[in-house]
Amino acid sequence: MTGAAADPNSFAFAGHVGAFALDVAFDAPPTGVTALFGPSGCGKTTVLRSIAGLQRMARGRVMVAGAPWQEGEIFVPPHRRSVGYVFQEASLFAHLSVKQNLLFGASRAGPAGAGAAAAFDDVVDLLGVGPLLGRATAALSGGERQRVAIGRALLSRPSLLLMDEPLAALDAASKNDILPFLERLHGALSLPVLYVTHDMAEVERLADWLVLLQAGRVLASGPLAALQSDPTLPLAARRDAAVSLEAVTGAYDAAYGLLALDVPGGRFLAPSAPAQAGEARRISIQAADVSLALRRPEQSTISNILGARIIEAAPLGSQELAVLVGLGQDGAGARLLARVTRRSWDQLGLRTGLPVFAQIKGVALVPGAR
Ligand SMILES: Nc1ncnc2c1ncn2[C@@H]1O[C@H](COP(=O)(O)OP(=O)(O)OP(=O)(O)O)[C@@H](O)[C@H]1O
C-alpha cells in the first residue's frame, strides 16, 4: 500500500456496519481529486465516515499526509482530524449570514492573521460567493448553498477534503452552475480531495484518480484513464464506457472549426471553438464510437483514423467485446477502448498484438479547463 513518494494518503478498513461488511484498502495521491465510484449501497459513505472518524470499523488504518489518524491503538477523535466534509445537503447555520458561516470555517483553522485574511479572500473569489456574503442562508439557491458549504470547509484549512455527492441534490441547471467552480477548485487546491459520486460525467470532469467500489470491496484503484480503459472492469461494460485522455491543443482550423489535439501516439481533430495551441485539455472518447479496421479506410467520412495495436480484449456478454488498443505502431501510445461485435472480431481475425487502424467517430472535449 505504498503510493506516491511524497506523503501518500492511505486508507484501509475492515468490519461491519449492521449486516454490511466492508473490507477496503486504497491509496490517494497527495493532491488532486480521487473519485469513489460505485453503485448505491456499495459503502462509499461508510468509507468517508470512517476516514473522518465518525464511524469506527473493527480494523482500520488512516494515513493522511504522512500522519496516522488511525493505526493500531491510535484513533484520533473526529474533531481533531483536519478534514473538511461537504455533504449532499449543505448544512449551513441558518442564524448566521453567508459571511459568518464562512468565518466559522476560518475560526476552526486556528488563530486569525494576515494569512487567514488572504485565504478568506481567495476562497471567496474561487467560489464566486463575494456577492452573497451579506445574505441570509435561507435566501440562497441549492447551488449557492453548496458553494458556501465548500468555502466553509476549505477555510478550516483541512489536510483532506471529503465530498459526499455534493451535486446529487441539485437540479441539472444548478449542477451545471457549480461544476465550473469545482473545476477551478481542482486546479487551485493543493490538497487531496475524496469525492463520492455515482455520476460518471462528474468523474470525467473532476477526477484524476479513481477507486471503484462494489459490495464493500475495492474492485480497482488507480489513474482514471487506466481504469476506464481496462476491458475487464465493469466500467467497460457500460453503454457510456469512455476513456478520458489528457491532450495538448495543436493548430486550429478556422475554416472547418476543427481543433487538433495531440496525445501520445496520435493526433485527433475535434469540433471546437477557437483555441490557443499548447493548452492542456481533457478529451473523452466513447468505446461505442471506436471501430477497428485492418487497413486504413479510404474515402471515409470519419476524419480520425489512427494506427494502433490491440493490447487486450474481454467479452461483453455473448455478442460483443471490449478491445483495448494502444495508439502508434508499437501500441505504446494513449489507450482507447473499442466496442466490437464478436462476429467482426472473428471475421477480421483480430487478436492481441495485431496492428490495426482505430476509426474514432466522436472526440469530445470535456468541459472545464484543465
Ligand atoms: N448505521 C447503519 N446501520 C446498518 N447498516 C448501515 C448503516 N449505515 C449504512 N449501512 C448499510 O451499509 C451499506 C453501505 O452504505 P453506504 O451509505 O456506505 O453506501 P453508499 O455506497 O454510500 O450508498 P449511496 O450511493 O446510496 O449513498 C448499505 O447497505 C447500508 O444500508
# chains A, B, ... in the order shown; residues from 1 in each chain; ligands from 1
$ select_by_dssp --residues "region 273-366 of chain A" --states "strand (DSSP E)" --output "PyMOL selection string"
chain A and resi 280-286+290-293+304-316+320-327+335-341+355-360+364-365
$ write_last_selection --atoms "N, CA and C atoms" --output "tab-separated table (two decimals), in the first residue's frame"
chain	number	residue	atom	x	y	z
A	280	ALA	N	-3.37	22.37	-22.29
A	280	ALA	CA	-3.76	21.03	-21.86
A	280	ALA	C	-5.28	20.95	-21.83
A	281	ARG	N	-5.84	19.96	-22.47
A	281	ARG	CA	-7.30	19.76	-22.46
A	281	ARG	C	-7.60	18.29	-22.26
A	282	ARG	N	-8.64	18.02	-21.51
A	282	ARG	CA	-9.07	16.63	-21.35
A	282	ARG	C	-10.09	16.30	-22.43
A	283	ILE	N	-9.90	15.16	-23.07
A	283	ILE	CA	-10.87	14.73	-24.08
A	283	ILE	C	-11.45	13.38	-23.67
A	284	SER	N	-12.61	13.08	-24.22
A	284	SER	CA	-13.28	11.83	-23.88
A	284	SER	C	-13.67	11.11	-25.16
A	285	ILE	N	-13.35	9.82	-25.20
A	285	ILE	CA	-13.67	9.04	-26.39
A	285	ILE	C	-14.47	7.81	-25.97
A	286	GLN	N	-15.68	7.73	-26.46
A	286	GLN	CA	-16.56	6.63	-26.08
A	286	GLN	C	-16.18	5.35	-26.83
A	290	VAL	N	-15.63	3.95	-31.31
A	290	VAL	CA	-14.34	3.48	-31.86
A	290	VAL	C	-14.57	2.16	-32.58
A	291	SER	N	-14.20	2.09	-33.86
A	291	SER	CA	-14.25	0.81	-34.58
A	291	SER	C	-12.85	0.51	-35.09
A	292	LEU	N	-12.61	-0.74	-35.46
A	292	LEU	CA	-11.28	-1.18	-35.85
A	292	LEU	C	-11.29	-1.69	-37.29
A	293	ALA	N	-10.20	-1.44	-38.01
A	293	ALA	CA	-10.07	-1.92	-39.39
A	293	ALA	C	-8.65	-2.45	-39.58
A	304	ASN	N	-10.92	10.92	-37.98
A	304	ASN	CA	-9.91	10.44	-37.04
A	304	ASN	C	-9.67	8.95	-37.26
A	305	ILE	N	-8.60	8.65	-37.99
A	305	ILE	CA	-8.22	7.26	-38.24
A	305	ILE	C	-6.75	7.13	-37.85
A	306	LEU	N	-6.49	6.38	-36.80
A	306	LEU	CA	-5.13	6.34	-36.25
A	306	LEU	C	-4.61	4.91	-36.17
A	307	GLY	N	-3.33	4.77	-36.48
A	307	GLY	CA	-2.68	3.47	-36.35
A	307	GLY	C	-2.60	3.09	-34.87
A	308	ALA	N	-2.85	1.79	-34.60
A	308	ALA	CA	-2.86	1.32	-33.21
A	308	ALA	C	-2.54	-0.16	-33.19
A	309	ARG	N	-2.48	-0.69	-32.00
A	309	ARG	CA	-2.21	-2.11	-31.85
A	309	ARG	C	-3.14	-2.67	-30.76
A	310	ILE	N	-3.65	-3.88	-30.98
A	310	ILE	CA	-4.55	-4.47	-29.98
A	310	ILE	C	-3.72	-4.97	-28.80
A	311	ILE	N	-4.13	-4.56	-27.60
A	311	ILE	CA	-3.40	-4.95	-26.40
A	311	ILE	C	-4.12	-6.08	-25.66
A	312	GLU	N	-5.45	-5.99	-25.59
A	312	GLU	CA	-6.20	-6.95	-24.78
A	312	GLU	C	-7.68	-6.86	-25.18
A	313	ALA	N	-8.40	-7.95	-24.98
A	313	ALA	CA	-9.84	-7.91	-25.24
A	313	ALA	C	-10.55	-8.72	-24.18
A	314	ALA	N	-11.78	-8.31	-23.88
A	314	ALA	CA	-12.57	-9.06	-22.89
A	314	ALA	C	-14.01	-9.08	-23.36
A	315	PRO	N	-14.70	-10.21	-23.14
A	315	PRO	CA	-16.09	-10.31	-23.62
A	315	PRO	C	-17.03	-9.38	-22.87
A	316	LEU	N	-17.98	-8.82	-23.62
A	316	LEU	CA	-19.08	-8.04	-23.03
A	316	LEU	C	-20.33	-8.82	-23.36
A	320	GLU	N	-20.53	-9.17	-27.88
A	320	GLU	CA	-19.58	-8.07	-28.09
A	320	GLU	C	-18.31	-8.27	-27.26
A	321	LEU	N	-17.29	-7.51	-27.64
A	321	LEU	CA	-16.05	-7.49	-26.86
A	321	LEU	C	-15.64	-6.05	-26.61
A	322	ALA	N	-14.99	-5.84	-25.48
A	322	ALA	CA	-14.32	-4.57	-25.22
A	322	ALA	C	-12.86	-4.80	-25.59
A	323	VAL	N	-12.36	-3.99	-26.51
A	323	VAL	CA	-11.00	-4.20	-27.01
A	323	VAL	C	-10.15	-2.99	-26.63
A	324	LEU	N	-9.05	-3.26	-25.96
A	324	LEU	CA	-8.11	-2.19	-25.59
A	324	LEU	C	-7.07	-2.07	-26.69
A	325	VAL	N	-6.92	-0.86	-27.25
A	325	VAL	CA	-5.85	-0.63	-28.24
A	325	VAL	C	-4.95	0.48	-27.74
A	326	GLY	N	-3.67	0.37	-28.11
A	326	GLY	CA	-2.72	1.43	-27.82
A	326	GLY	C	-2.38	2.14	-29.13
A	327	LEU	N	-2.38	3.47	-29.13
A	327	LEU	CA	-2.10	4.20	-30.36
A	327	LEU	C	-0.63	4.09	-30.74
A	335	ARG	N	-4.22	4.96	-24.70
A	335	ARG	CA	-5.04	3.75	-24.82
A	335	ARG	C	-6.51	4.08	-24.96
A	336	LEU	N	-7.15	3.39	-25.89
A	336	LEU	CA	-8.58	3.58	-26.14
A	336	LEU	C	-9.30	2.26	-26.01
A	337	LEU	N	-10.58	2.33	-25.70
A	337	LEU	CA	-11.41	1.14	-25.73
A	337	LEU	C	-12.26	1.18	-26.98
A	338	ALA	N	-12.41	0.02	-27.62
A	338	ALA	CA	-13.32	-0.10	-28.76
A	338	ALA	C	-14.33	-1.18	-28.42
A	339	ARG	N	-15.60	-0.91	-28.75
A	339	ARG	CA	-16.63	-1.92	-28.55
A	339	ARG	C	-16.88	-2.56	-29.91
A	340	VAL	N	-16.57	-3.85	-30.06
A	340	VAL	CA	-16.74	-4.50	-31.36
A	340	VAL	C	-17.59	-5.77	-31.17
A	341	THR	N	-18.25	-6.17	-32.25
A	341	THR	CA	-19.06	-7.39	-32.15
A	341	THR	C	-18.13	-8.60	-32.26
A	355	PRO	N	-1.57	-5.22	-35.42
A	355	PRO	CA	-1.70	-3.79	-35.76
A	355	PRO	C	-3.03	-3.54	-36.46
A	356	VAL	N	-3.69	-2.45	-36.09
A	356	VAL	CA	-5.00	-2.12	-36.67
A	356	VAL	C	-5.08	-0.61	-36.90
A	357	PHE	N	-6.18	-0.20	-37.51
A	357	PHE	CA	-6.49	1.22	-37.57
A	357	PHE	C	-7.74	1.47	-36.73
A	358	ALA	N	-7.63	2.41	-35.82
A	358	ALA	CA	-8.78	2.77	-34.99
A	358	ALA	C	-9.48	3.95	-35.66
A	359	GLN	N	-10.78	3.77	-35.93
A	359	GLN	CA	-11.58	4.86	-36.50
A	359	GLN	C	-12.41	5.44	-35.37
A	360	ILE	N	-12.24	6.72	-35.15
A	360	ILE	CA	-12.91	7.32	-33.99
A	360	ILE	C	-13.94	8.32	-34.48
A	364	ALA	N	-14.82	14.12	-27.83
A	364	ALA	CA	-15.47	15.21	-27.11
A	364	ALA	C	-14.46	15.91	-26.21
A	365	LEU	N	-14.48	17.22	-26.25
A	365	LEU	CA	-13.68	17.99	-25.30
A	365	LEU	C	-14.46	18.03	-23.99
$ select_by_dssp --residues "region 38-240 of chain A" --states "alpha helix (DSSP H)" --output "PyMOL selection string"
chain A and resi 44-52+98-107+114-127+142-155+172-188+200-206+224-228
$ closest_atom_pairs --of "chain A" --to "ligand 1" --cutoff "8 Å" --atoms "only C-alpha atoms and all ligand atoms" --output "Markdown table"
| residue | atom | partner | partner_atom_place_in_ligand_line | distance |
| --- | --- | --- | --- | --- |
| A:Val17 | CA | ligand 1 | 4 (C) | 5.0 |
| A:Gly18 | CA | ligand 1 | 4 (C) | 3.8 |
| A:Ala19 | CA | ligand 1 | 5 (N) | 6.1 |
| A:Phe20 | CA | ligand 1 | 12 (O) | 4.8 |
| A:Ala21 | CA | ligand 1 | 12 (O) | 7.6 |
| A:Gly38 | CA | ligand 1 | 21 (O) | 6.5 |
| A:Pro39 | CA | ligand 1 | 25 (O) | 6.0 |
| A:Ser40 | CA | ligand 1 | 25 (O) | 3.5 |
| A:Gly41 | CA | ligand 1 | 19 (O) | 3.5 |
| A:Cys42 | CA | ligand 1 | 21 (O) | 3.9 |
| A:Gly43 | CA | ligand 1 | 18 (O) | 3.2 |
| A:Lys44 | CA | ligand 1 | 21 (O) | 3.9 |
| A:Thr45 | CA | ligand 1 | 22 (O) | 3.7 |
| A:Thr46 | CA | ligand 1 | 18 (O) | 3.7 |
| A:Val47 | CA | ligand 1 | 18 (O) | 6.5 |
| A:Glu165 | CA | ligand 1 | 27 (O) | 8.0 |
| A:Val196 | CA | ligand 1 | 22 (O) | 7.7 |
| A:Thr197 | CA | ligand 1 | 25 (O) | 7.2 |
| A:His198 | CA | ligand 1 | 25 (O) | 6.6 |
| A:Leu213 | CA | ligand 1 | 21 (O) | 8.0 |
| A:Ala215 | CA | ligand 1 | 14 (C) | 8.0 |
| A:Gly216 | CA | ligand 1 | 14 (C) | 7.2 |
$ residues_around --residues "region 250-256 of chain A" --least-positions-apart "2" --cutoff "8 Å" --atoms "only C-alpha atoms" --output "list in words"
Val248, Leu258, Leu259, Ala260, Leu261, Asp262, Pro274, Ala275, Gln276, Ala277 and Gly278 of chain A
$ residues_around --residues "region 168-179 of chain A" --least-positions-apart "2" --cutoff "7 Å" --atoms "only C-alpha atoms" --output "list in words"
Gln88, Glu89, Gly142, Gly143, Glu165, Pro166, Phe181, Leu182 and Glu183 of chain A
$ residues_around --residues "region 127-133 of chain A" --least-positions-apart "6" --cutoff "10 Å" --atoms "only C-alpha atoms" --output "ChimeraX atom specification"
/A:97-102,121,139-140,144-148,150-151,178,180-182,184-185
$ write_last_selection --atoms "N, CA and C atoms" --output "PDB file, in the first residue's frame"
ATOM      1  N   SER A  97     -25.201  34.714   8.718  1.00  0.00           N
ATOM      2  CA  SER A  97     -25.123  35.121   7.314  1.00  0.00           C
ATOM      3  C   SER A  97     -24.115  34.229   6.596  1.00  0.00           C
ATOM      4  N   VAL A  98     -24.061  34.406   5.273  1.00  0.00           N
ATOM      5  CA  VAL A  98     -23.072  33.659   4.488  1.00  0.00           C
ATOM      6  C   VAL A  98     -21.665  33.948   5.006  1.00  0.00           C
ATOM      7  N   LYS A  99     -21.379  35.237   5.225  1.00  0.00           N
ATOM      8  CA  LYS A  99     -20.029  35.600   5.687  1.00  0.00           C
ATOM      9  C   LYS A  99     -19.728  34.959   7.042  1.00  0.00           C
ATOM     10  N   GLN A 100     -20.710  35.000   7.925  1.00  0.00           N
ATOM     11  CA  GLN A 100     -20.481  34.408   9.260  1.00  0.00           C
ATOM     12  C   GLN A 100     -20.305  32.893   9.180  1.00  0.00           C
ATOM     13  N   ASN A 101     -21.027  32.263   8.252  1.00  0.00           N
ATOM     14  CA  ASN A 101     -20.824  30.824   8.056  1.00  0.00           C
ATOM     15  C   ASN A 101     -19.396  30.545   7.604  1.00  0.00           C
ATOM     16  N   LEU A 102     -18.914  31.381   6.681  1.00  0.00           N
ATOM     17  CA  LEU A 102     -17.547  31.182   6.179  1.00  0.00           C
ATOM     18  C   LEU A 102     -16.529  31.450   7.289  1.00  0.00           C
ATOM     19  N   ASP A 121     -10.199  35.765   1.306  1.00  0.00           N
ATOM     20  CA  ASP A 121     -10.460  36.414   0.010  1.00  0.00           C
ATOM     21  C   ASP A 121     -10.283  35.428  -1.143  1.00  0.00           C
ATOM     22  N   ALA A 139     -31.830  32.583   1.939  1.00  0.00           N
ATOM     23  CA  ALA A 139     -32.066  33.253   0.663  1.00  0.00           C
ATOM     24  C   ALA A 139     -31.144  32.742  -0.442  1.00  0.00           C
ATOM     25  N   LEU A 140     -30.560  31.563  -0.251  1.00  0.00           N
ATOM     26  CA  LEU A 140     -29.630  31.031  -1.263  1.00  0.00           C
ATOM     27  C   LEU A 140     -30.272  29.899  -2.050  1.00  0.00           C
ATOM     28  N   GLU A 144     -25.851  27.710  -4.657  1.00  0.00           N
ATOM     29  CA  GLU A 144     -25.145  28.725  -3.852  1.00  0.00           C
ATOM     30  C   GLU A 144     -24.851  28.177  -2.457  1.00  0.00           C
ATOM     31  N   ARG A 145     -25.824  27.469  -1.898  1.00  0.00           N
ATOM     32  CA  ARG A 145     -25.608  26.875  -0.560  1.00  0.00           C
ATOM     33  C   ARG A 145     -24.405  25.926  -0.599  1.00  0.00           C
ATOM     34  N   GLN A 146     -24.326  25.123  -1.670  1.00  0.00           N
ATOM     35  CA  GLN A 146     -23.214  24.181  -1.745  1.00  0.00           C
ATOM     36  C   GLN A 146     -21.884  24.911  -1.876  1.00  0.00           C
ATOM     37  N   ARG A 147     -21.867  26.000  -2.640  1.00  0.00           N
ATOM     38  CA  ARG A 147     -20.614  26.758  -2.771  1.00  0.00           C
ATOM     39  C   ARG A 147     -20.174  27.312  -1.424  1.00  0.00           C
ATOM     40  N   VAL A 148     -21.159  27.797  -0.638  1.00  0.00           N
ATOM     41  CA  VAL A 148     -20.816  28.325   0.694  1.00  0.00           C
ATOM     42  C   VAL A 148     -20.309  27.180   1.588  1.00  0.00           C
ATOM     43  N   ILE A 150     -18.815  24.477   0.678  1.00  0.00           N
ATOM     44  CA  ILE A 150     -17.456  24.105   0.253  1.00  0.00           C
ATOM     45  C   ILE A 150     -16.457  25.146   0.768  1.00  0.00           C
ATOM     46  N   GLY A 151     -16.842  26.429   0.646  1.00  0.00           N
ATOM     47  CA  GLY A 151     -15.973  27.500   1.137  1.00  0.00           C
ATOM     48  C   GLY A 151     -15.703  27.363   2.622  1.00  0.00           C
ATOM     49  N   ILE A 178     -22.500  24.910 -10.799  1.00  0.00           N
ATOM     50  CA  ILE A 178     -21.485  24.700  -9.765  1.00  0.00           C
ATOM     51  C   ILE A 178     -20.265  23.925 -10.287  1.00  0.00           C
ATOM     52  N   PRO A 180     -18.289  24.301 -12.888  1.00  0.00           N
ATOM     53  CA  PRO A 180     -17.094  25.105 -13.191  1.00  0.00           C
ATOM     54  C   PRO A 180     -16.345  25.556 -11.930  1.00  0.00           C
ATOM     55  N   PHE A 181     -17.071  25.803 -10.841  1.00  0.00           N
ATOM     56  CA  PHE A 181     -16.399  26.195  -9.593  1.00  0.00           C
ATOM     57  C   PHE A 181     -15.581  25.026  -9.055  1.00  0.00           C
ATOM     58  N   LEU A 182     -16.176  23.832  -9.148  1.00  0.00           N
ATOM     59  CA  LEU A 182     -15.433  22.655  -8.677  1.00  0.00           C
ATOM     60  C   LEU A 182     -14.197  22.428  -9.539  1.00  0.00           C
ATOM     61  N   ARG A 184     -12.470  24.749 -11.048  1.00  0.00           N
ATOM     62  CA  ARG A 184     -11.463  25.752 -10.640  1.00  0.00           C
ATOM     63  C   ARG A 184     -10.770  25.313  -9.359  1.00  0.00           C
ATOM     64  N   LEU A 185     -11.586  24.784  -8.478  1.00  0.00           N
ATOM     65  CA  LEU A 185     -11.080  24.291  -7.192  1.00  0.00           C
ATOM     66  C   LEU A 185     -10.008  23.236  -7.431  1.00  0.00           C
TER      67      LEU A 185
END
$ closest_residue --among "A:Thr352, A:Asn9, A:Phe37, A:Phe87" --to "Leu235 (chain A)" --atoms "only C-alpha atoms"
A:Phe37
$ atom_distance --atom1 "CA of Ala106 (chain A)" --atom2 "CA of Ile51 (chain A)"
21.7 Å
$ residues_around --residues "Arg205 (chain A)" --least-positions-apart "2" --cutoff "9 Å" --atoms "only C-alpha atoms" --output "MDAnalysis selection string"
chainID A and resid 179 183 200:203 207 282 366:368
$ decode --residues "region 236-306 of chain A" --atoms "C-alpha atoms" --output "JSON list (two decimals), in the first residue's frame"
[["chain", "number", "residue", "atom", "x", "y", "z"],
["A", 236, "ALA", "CA", -16.07, -1.16, -19.82],
["A", 237, "ALA", "CA", -19.46, -2.86, -19.95],
["A", 238, "ARG", "CA", -21.42, 0.37, -19.50],
["A", 239, "ARG", "CA", -23.17, 1.70, -22.61],
["A", 240, "ASP", "CA", -21.42, 5.03, -21.98],
["A", 241, "ALA", "CA", -17.98, 3.45, -21.45],
["A", 242, "ALA", "CA", -15.37, 6.03, -22.39],
["A", 243, "VAL", "CA", -11.71, 6.84, -21.86],
["A", 244, "SER", "CA", -10.52, 10.30, -20.78],
["A", 245, "LEU", "CA", -7.19, 11.40, -22.20],
["A", 246, "GLU", "CA", -5.01, 14.38, -21.42],
["A", 247, "ALA", "CA", -4.35, 16.11, -24.75],
["A", 248, "VAL", "CA", -2.38, 19.16, -25.84],
["A", 249, "THR", "CA", -4.02, 21.52, -28.31],
["A", 250, "GLY", "CA", -2.40, 21.99, -31.71],
["A", 251, "ALA", "CA", -3.40, 24.08, -34.70],
["A", 252, "TYR", "CA", -6.96, 25.39, -35.07],
["A", 253, "ASP", "CA", -8.57, 25.08, -38.50],
["A", 254, "ALA", "CA", -10.90, 28.08, -38.56],
["A", 255, "ALA", "CA", -12.37, 27.16, -41.97],
["A", 256, "TYR", "CA", -13.84, 23.95, -40.59],
["A", 257, "GLY", "CA", -13.95, 24.74, -36.86],
["A", 258, "LEU", "CA", -11.65, 21.82, -36.03],
["A", 259, "LEU", "CA", -9.04, 21.72, -33.30],
["A", 260, "ALA", "CA", -6.02, 19.39, -33.38],
["A", 261, "LEU", "CA", -5.47, 17.52, -30.12],
["A", 262, "ASP", "CA", -2.25, 15.60, -29.56],
["A", 263, "VAL", "CA", -1.96, 12.59, -27.31],
["A", 264, "PRO", "CA", 0.95, 10.14, -27.11],
["A", 265, "GLY", "CA", 0.94, 8.14, -30.35],
["A", 266, "GLY", "CA", -1.61, 10.19, -32.26],
["A", 267, "ARG", "CA", -3.46, 13.37, -33.15],
["A", 268, "PHE", "CA", -7.23, 13.85, -33.11],
["A", 269, "LEU", "CA", -9.38, 16.50, -34.73],
["A", 270, "ALA", "CA", -12.43, 17.66, -32.80],
["A", 271, "PRO", "CA", -15.06, 20.32, -33.46],
["A", 272, "SER", "CA", -14.29, 23.22, -31.15],
["A", 273, "ALA", "CA", -14.45, 26.92, -30.58],
["A", 274, "PRO", "CA", -11.14, 28.63, -31.46],
["A", 275, "ALA", "CA", -8.36, 27.71, -29.03],
["A", 276, "GLN", "CA", -4.70, 28.52, -28.46],
["A", 277, "ALA", "CA", -2.06, 25.92, -29.29],
["A", 278, "GLY", "CA", -0.16, 24.30, -26.46],
["A", 279, "GLU", "CA", -3.00, 24.13, -23.92],
["A", 280, "ALA", "CA", -3.76, 21.03, -21.86],
["A", 281, "ARG", "CA", -7.30, 19.76, -22.46],
["A", 282, "ARG", "CA", -9.07, 16.63, -21.35],
["A", 283, "ILE", "CA", -10.87, 14.73, -24.08],
["A", 284, "SER", "CA", -13.28, 11.83, -23.88],
["A", 285, "ILE", "CA", -13.67, 9.04, -26.39],
["A", 286, "GLN", "CA", -16.56, 6.63, -26.08],
["A", 287, "ALA", "CA", -15.89, 2.94, -26.74],
["A", 288, "ALA", "CA", -19.05, 2.80, -28.87],
["A", 289, "ASP", "CA", -17.52, 5.46, -31.16],
["A", 290, "VAL", "CA", -14.34, 3.48, -31.86],
["A", 291, "SER", "CA", -14.25, 0.81, -34.58],
["A", 292, "LEU", "CA", -11.28, -1.18, -35.85],
["A", 293, "ALA", "CA", -10.07, -1.92, -39.39],
["A", 294, "LEU", "CA", -7.16, -3.97, -40.73],
["A", 295, "ARG", "CA", -6.35, -1.47, -43.49],
["A", 296, "ARG", "CA", -6.57, 2.29, -43.43],
["A", 297, "PRO", "CA", -10.08, 3.07, -44.69],
["A", 298, "GLU", "CA", -10.14, 5.48, -47.59],
["A", 299, "GLN", "CA", -12.96, 7.76, -48.59],
["A", 300, "SER", "CA", -14.46, 7.59, -45.12],
["A", 301, "THR", "CA", -16.38, 10.44, -43.51],
["A", 302, "ILE", "CA", -14.53, 9.67, -40.30],
["A", 303, "SER", "CA", -11.58, 12.03, -40.05],
["A", 304, "ASN", "CA", -9.91, 10.44, -37.04],
["A", 305, "ILE", "CA", -8.22, 7.26, -38.24],
["A", 306, "LEU", "CA", -5.13, 6.34, -36.25]]
